[in-house]
Amino acid sequence: MPEKILLNSSDIERALVRVAHEILERNKGATNIVFVGIKTRGVPLAQRLVAIIRGMEQVDIPVGSLDITLYRDDVSSLSFKHVVQQTYVPFDITSKHLILVDDVFYTGRSIRAALDALIDLGRPETIQLAVLIDRGHRELPIRADFVGKNIPTARNEEIKVYLSEVDAVDKVTVMRTEGGKNELK
Amino acid sequence: MSLSEPRPGTATRETLPGPSIDFWKHRHVLDLDDFSREETDLVFEIAEGMVEILDRDVKKVPTLRGKTIATIFFEPSTRTRASFELAAKYLGADTISLDAVKSSVAKGESLIDSLRTLQALEVDAIIMRHPCSGAPYIAAHNLDTSIINAGDGWHAHPSQGLLDIFTMRQQLGDLKGRKAVIVGDILHSRVARSNIWGTRHYGMKLILCAPPTLIPRGLPEMLERCSLSHVTIEYDLDSAIKNADIVMPLRLQKERQQSGLISSLREYIQGYQINAARLAGAKPDVLVMHPGPMNEGAEISPEVAYGARSLIEQQVTNGVAVRMALLYLIAGGKNK
């Protein structure tokens, strides 16, 4: 099956605007909020959400980036490794409402790793999860607070998020693959 | 290909943390002579991620949870051993340390037997220091466990070489065209030897400066045979230091005088001590490094060791980050 486009640039933009509104509604404004994006594509998504909120509320919200490589539950069971990248959270997250941002929400294992990483950095008042795509197939009891788009998928389909900051283009695509589950490989 | 760029065709599934490493083939870290530019760069990139962990209040990640790292030192050491042990602990590993100087080795146990015992205890990596050059190679040949060389005789000290170059790059960025001078007891220095190999990828000049008695015989031939054309030997410190970006004095052991390699400490100080007057000939923003332990007042003057240009403390901190990166690459993932 060829790669099929599910969302284009304006679909992504509309979904993010709605998520930004929901975040403000849930938290009754933008005070005491910080954003942390999971590398790689959670970071530009977090920056876009913050830019949208800045346009509405005229506030600057700090954005950090989180590398979860060292917290993965498969570090000691895979025969290959990943490059550790730098975590950059240059602000105190303690007592903040922390919005954790990722692109695709799948088994929940990445989020589990991210929660462990965040808790090593401080004690936020709340951690809320915002994702662009929820594709289902959870393996852990974790849910998202804000979802850009729910896309029911089969295990052998692959969802790819392309963002202009990283990939020079904005789109979300689905593609059927030969193997089964291939997350965290 | 830059490692910070996501690889084409591997766009995200759920979260793709970093590109996967498929070119890392080292099971042991014995010296830097078999490290490619790509592999050295990889260690540095991962070490940068580790530096951030060292800044945290909670300096601990669970990456090597359930792994055991052993250190076995057949020669006294405080800083290297402490640095490796902290690195292992910050990554969540358990550590055991054998002081081989006092243990069963003193009762006559052989090197291989001591190491086989550690292997039988199922440790995931052995960090060893030994007074004989080549001892870690014998260990690596005879054992299945990963060996990290923490210094063997006069031969190699790879983690020190890596942390030195990492520190230079942190300060100066690209090292192309930069000039570093290692001054002093090159003859007995495994640090100098690992720096010779490690710096060969970075387009910099490395000058070894010492009295002729402290330069290993056969070094020029060895440099030529191994195409290490970035290294030159100088006997005069003032001409070696001219326009230098980095100056690294090596410890002068007092015993060298008894063995006749230097005629007197006073003469050595006059010719080779790194002090403020000497540094005036280098670049104005010259950086001073030292692999430690220092012999203040001998190879380095206190005002330079603790001065504004000194990176010596930073080297110690970076040492932990670089060793964390090595342990992640060696002990992380499935080894067995």
# chains A, B, ... in the order shown; residues from 1 in each chain; ligands from 1
call {"tool": "select_by_dssp", "arguments": {"residues": "range 95-303 of chain B", "states": "helix (DSSP H, G or I)", "output": "ChimeraX atom specification"}}
result
/B:104-107,111-120,135-142,158-172,190-201,212-214,219-225,237-241,255-258,265-272,276-279,302-303
call {"tool": "write_last_selection", "arguments": {"atoms": "C-alpha atoms", "output": "CSV table (one decimal), in the first residue's frame"}}
result
chain,number,residue,atom,x,y,z
B,104,SER,CA,44.0,-12.4,46.2
B,105,VAL,CA,46.6,-11.1,43.6
B,106,ALA,CA,48.8,-10.5,46.6
B,107,LYS,CA,48.3,-14.2,47.4
B,111,LEU,CA,45.7,-11.8,36.1
B,112,ILE,CA,43.5,-14.1,34.1
B,113,ASP,CA,42.2,-16.0,37.1
B,114,SER,CA,41.2,-12.8,38.9
B,115,LEU,CA,39.3,-11.6,35.8
B,116,ARG,CA,37.7,-15.1,35.3
B,117,THR,CA,36.4,-14.8,38.8
B,118,LEU,CA,34.7,-11.5,37.9
B,119,GLN,CA,33.3,-13.1,34.7
B,120,ALA,CA,31.9,-16.0,36.7
B,135,ALA,CA,47.4,-6.4,30.0
B,136,PRO,CA,43.8,-5.4,29.0
B,137,TYR,CA,44.4,-7.0,25.6
B,138,ILE,CA,45.3,-10.3,27.2
B,139,ALA,CA,42.2,-10.0,29.3
B,140,ALA,CA,40.0,-9.2,26.2
B,141,HIS,CA,41.5,-12.3,24.4
B,142,ASN,CA,40.8,-14.6,27.3
B,158,PRO,CA,41.6,5.8,26.2
B,159,SER,CA,38.9,7.4,28.4
B,160,GLN,CA,41.3,10.2,29.3
B,161,GLY,CA,42.2,10.8,25.7
B,162,LEU,CA,38.5,11.0,24.9
B,163,LEU,CA,37.7,13.4,27.7
B,164,ASP,CA,40.6,15.6,26.8
B,165,ILE,CA,39.4,16.0,23.2
B,166,PHE,CA,35.8,16.3,24.4
B,167,THR,CA,36.9,19.2,26.6
B,168,MET,CA,38.8,20.9,23.8
B,169,ARG,CA,35.8,20.7,21.5
B,170,GLN,CA,33.5,22.0,24.2
B,171,GLN,CA,35.7,25.1,24.5
B,172,LEU,CA,36.8,25.6,20.9
B,190,ARG,CA,49.8,6.7,28.4
B,191,VAL,CA,47.7,9.9,28.4
B,192,ALA,CA,50.0,11.4,25.7
B,193,ARG,CA,49.9,8.2,23.7
B,194,SER,CA,46.1,8.0,23.7
B,195,ASN,CA,45.9,11.7,22.8
B,196,ILE,CA,48.1,11.1,19.8
B,197,TRP,CA,45.7,8.6,18.4
B,198,GLY,CA,42.5,10.4,19.5
B,199,THR,CA,43.4,13.8,18.0
B,200,ARG,CA,44.3,12.3,14.5
B,201,HIS,CA,40.7,12.7,13.2
B,212,PRO,CA,65.1,14.5,24.6
B,213,THR,CA,65.5,12.0,27.5
B,214,LEU,CA,61.7,12.1,28.1
B,219,LEU,CA,58.7,7.8,18.3
B,220,PRO,CA,59.4,9.7,15.0
B,221,GLU,CA,59.6,6.4,13.2
B,222,MET,CA,56.4,5.2,14.8
B,223,LEU,CA,54.6,8.5,13.9
B,224,GLU,CA,55.7,8.1,10.3
B,225,ARG,CA,54.8,4.4,10.1
B,237,LEU,CA,59.1,24.9,24.9
B,238,ASP,CA,59.1,28.6,23.9
B,239,SER,CA,59.0,27.8,20.2
B,240,ALA,CA,56.5,24.9,20.8
B,241,ILE,CA,54.1,27.1,22.7
B,255,GLU,CA,61.7,9.6,40.7
B,256,ARG,CA,62.7,10.7,37.2
B,257,GLN,CA,65.5,12.6,38.7
B,258,GLN,CA,66.9,9.6,40.5
B,265,LEU,CA,64.1,19.5,39.2
B,266,ARG,CA,65.3,23.2,39.0
B,267,GLU,CA,66.6,22.8,35.5
B,268,TYR,CA,63.4,21.0,34.4
B,269,ILE,CA,61.3,23.9,35.9
B,270,GLN,CA,63.4,26.4,34.1
B,271,GLY,CA,63.0,24.7,30.8
B,272,TYR,CA,59.6,23.2,30.9
B,276,ALA,CA,52.3,32.7,33.5
B,277,ALA,CA,55.5,33.9,31.8
B,278,ARG,CA,55.6,30.9,29.5
B,279,LEU,CA,52.0,31.2,28.6
B,302,PRO,CA,49.7,27.2,41.0
B,303,GLU,CA,48.7,30.5,39.5
call {"tool": "residues_around", "arguments": {"residues": "Lys39 in chain A", "least_positions_apart": "4", "cutoff": "7 Å", "atoms": "only C-alpha atoms", "output": "list in words"}}
result
Val43, Ser65, Leu66 and Asp67 of chain A; Pro17 of chain B
call {"tool": "write_last_selection", "arguments": {"atoms": "N, CA and C atoms", "output": "mmCIF file, in the first residue's frame"}}
result
data_model
loop_
_atom_site.group_PDB
_atom_site.id
_atom_site.type_symbol
_atom_site.label_atom_id
_atom_site.label_comp_id
_atom_site.auth_asym_id
_atom_site.auth_seq_id
_atom_site.Cartn_x
_atom_site.Cartn_y
_atom_site.Cartn_z
ATOM 1 N N VAL A 43 8.914 18.259 20.124
ATOM 2 C CA VAL A 43 9.461 19.580 20.456
ATOM 3 C C VAL A 43 8.876 20.671 19.541
ATOM 4 N N SER A 65 12.795 20.462 26.022
ATOM 5 C CA SER A 65 12.806 19.260 25.183
ATOM 6 C C SER A 65 13.375 18.100 25.988
ATOM 7 N N LEU A 66 12.794 16.934 25.761
ATOM 8 C CA LEU A 66 13.106 15.768 26.580
ATOM 9 C C LEU A 66 13.586 14.645 25.678
ATOM 10 N N ASP A 67 14.746 14.085 26.003
ATOM 11 C CA ASP A 67 15.216 12.884 25.310
ATOM 12 C C ASP A 67 14.984 11.709 26.238
ATOM 13 N N PRO B 17 13.540 8.385 19.467
ATOM 14 C CA PRO B 17 14.376 9.228 20.317
ATOM 15 C C PRO B 17 15.603 9.723 19.575
#
call {"tool": "closest_residue", "arguments": {"among": "B:Val181, B:Ala331, B:Met324, B:Val231", "to": "Val43 in chain B", "atoms": "only C-alpha atoms"}}
result
B:Met324
call {"tool": "residues_around", "arguments": {"residues": "range 8-15 of chain A", "least_positions_apart": "4", "cutoff": "12 Å", "atoms": "only C-alpha atoms", "output": "NGL selection string"}}
result
:A and (4 or 19-22 or 45 or 48-49 or 51-52 or 103 or 130-133 or 146-150 or 161-164 or 168-173)
call {"tool": "closest_residue", "arguments": {"among": "A:Leu140, A:Ile119, A:Leu100, A:Val84", "to": "chain B", "atoms": "only C-alpha atoms"}}
result
A:Val84
call {"tool": "closest_residue", "arguments": {"among": "B:Glu75, B:Asp22, B:Asp55, B:Asp34", "to": "Val101 in chain B", "atoms": "only C-alpha atoms"}}
result
B:Glu75
call {"tool": "closest_residue", "arguments": {"among": "A:Val166, A:Glu158, A:Lys96, A:Glu139", "to": "Arg123 in chain A", "atoms": "only C-alpha atoms"}}
result
A:Lys96
call {"tool": "atom_distance", "arguments": {"atom1": "CA of Ser110 in chain A", "atom2": "CA of Gln128 in chain A"}}
result
14.5 Å
call {"tool": "atom_distance", "arguments": {"atom1": "CA of Asp236 in chain B", "atom2": "CA of Leu250 in chain B"}}
result
15.8 Å
call {"tool": "select_by_dssp", "arguments": {"residues": "range 25-98 of chain A", "states": "strand (DSSP E)", "output": "list in words"}}
result
Ile33, Val34, Phe35, Val36, Gly37, Ile38, Val63, Gly64, Ser65, Leu66, Lys81, His82, His97 and Leu98 of chain A
call {"tool": "closest_residue", "arguments": {"among": "A:Ala113, A:Ala46, A:Val89, A:Ala30", "to": "Asp60 in chain A", "atoms": "only C-alpha atoms"}}
result
A:Ala30
call {"tool": "closest_residue", "arguments": {"among": "B:Ala88, B:Val51, B:Gly108, B:Ala150", "to": "Ile72 in chain B", "atoms": "only C-alpha atoms"}}
result
B:Ala150
call {"tool": "residues_around", "arguments": {"residues": "range 144-148 of chain B", "least_positions_apart": "5", "cutoff": "7 Å", "atoms": "only C-alpha atoms", "output": "number ranges by chain"}}
result
B: 27-30, 119, 124-128, 136
call {"tool": "residues_around", "arguments": {"residues": "His230 in chain B", "least_positions_apart": "2", "cutoff": "8 Å", "atoms": "only C-alpha atoms", "output": "ChimeraX atom specification"}}
result
/B:200,203-206,228,232
call {"tool": "decode", "arguments": {"residues": "range 23-34 of chain A", "atoms": "N, CA and C atoms", "output": "tab-separated table (two decimals), in the first residue's frame"}}
result
chain	number	residue	atom	x	y	z
A	23	ILE	N	-6.36	23.18	26.15
A	23	ILE	CA	-5.37	23.28	27.24
A	23	ILE	C	-5.68	24.50	28.10
A	24	LEU	N	-6.00	25.64	27.44
A	24	LEU	CA	-6.31	26.86	28.20
A	24	LEU	C	-7.59	26.69	29.00
A	25	GLU	N	-8.55	26.02	28.40
A	25	GLU	CA	-9.84	25.83	29.08
A	25	GLU	C	-9.65	24.96	30.32
A	26	ARG	N	-8.96	23.85	30.15
A	26	ARG	CA	-8.75	22.93	31.26
A	26	ARG	C	-7.97	23.58	32.40
A	27	ASN	N	-6.98	24.40	32.03
A	27	ASN	CA	-6.12	24.99	33.06
A	27	ASN	C	-6.54	26.40	33.45
A	28	LYS	N	-7.70	26.83	32.96
A	28	LYS	CA	-8.25	28.16	33.27
A	28	LYS	C	-7.23	29.26	33.01
A	29	GLY	N	-6.70	29.24	31.79
A	29	GLY	CA	-5.73	30.27	31.41
A	29	GLY	C	-4.34	29.68	31.26
A	30	ALA	N	-3.37	30.55	31.11
A	30	ALA	CA	-2.02	30.10	30.79
A	30	ALA	C	-1.03	30.33	31.92
A	31	THR	N	-1.54	30.66	33.12
A	31	THR	CA	-0.59	30.91	34.20
A	31	THR	C	-0.08	29.58	34.75
A	32	ASN	N	1.18	29.57	35.11
A	32	ASN	CA	1.79	28.41	35.75
A	32	ASN	C	1.86	27.17	34.85
A	33	ILE	N	1.80	27.41	33.52
A	33	ILE	CA	1.91	26.29	32.59
A	33	ILE	C	3.30	26.26	31.98
A	34	VAL	N	3.86	25.06	31.82
A	34	VAL	CA	5.09	24.90	31.03
A	34	VAL	C	4.87	23.75	30.05
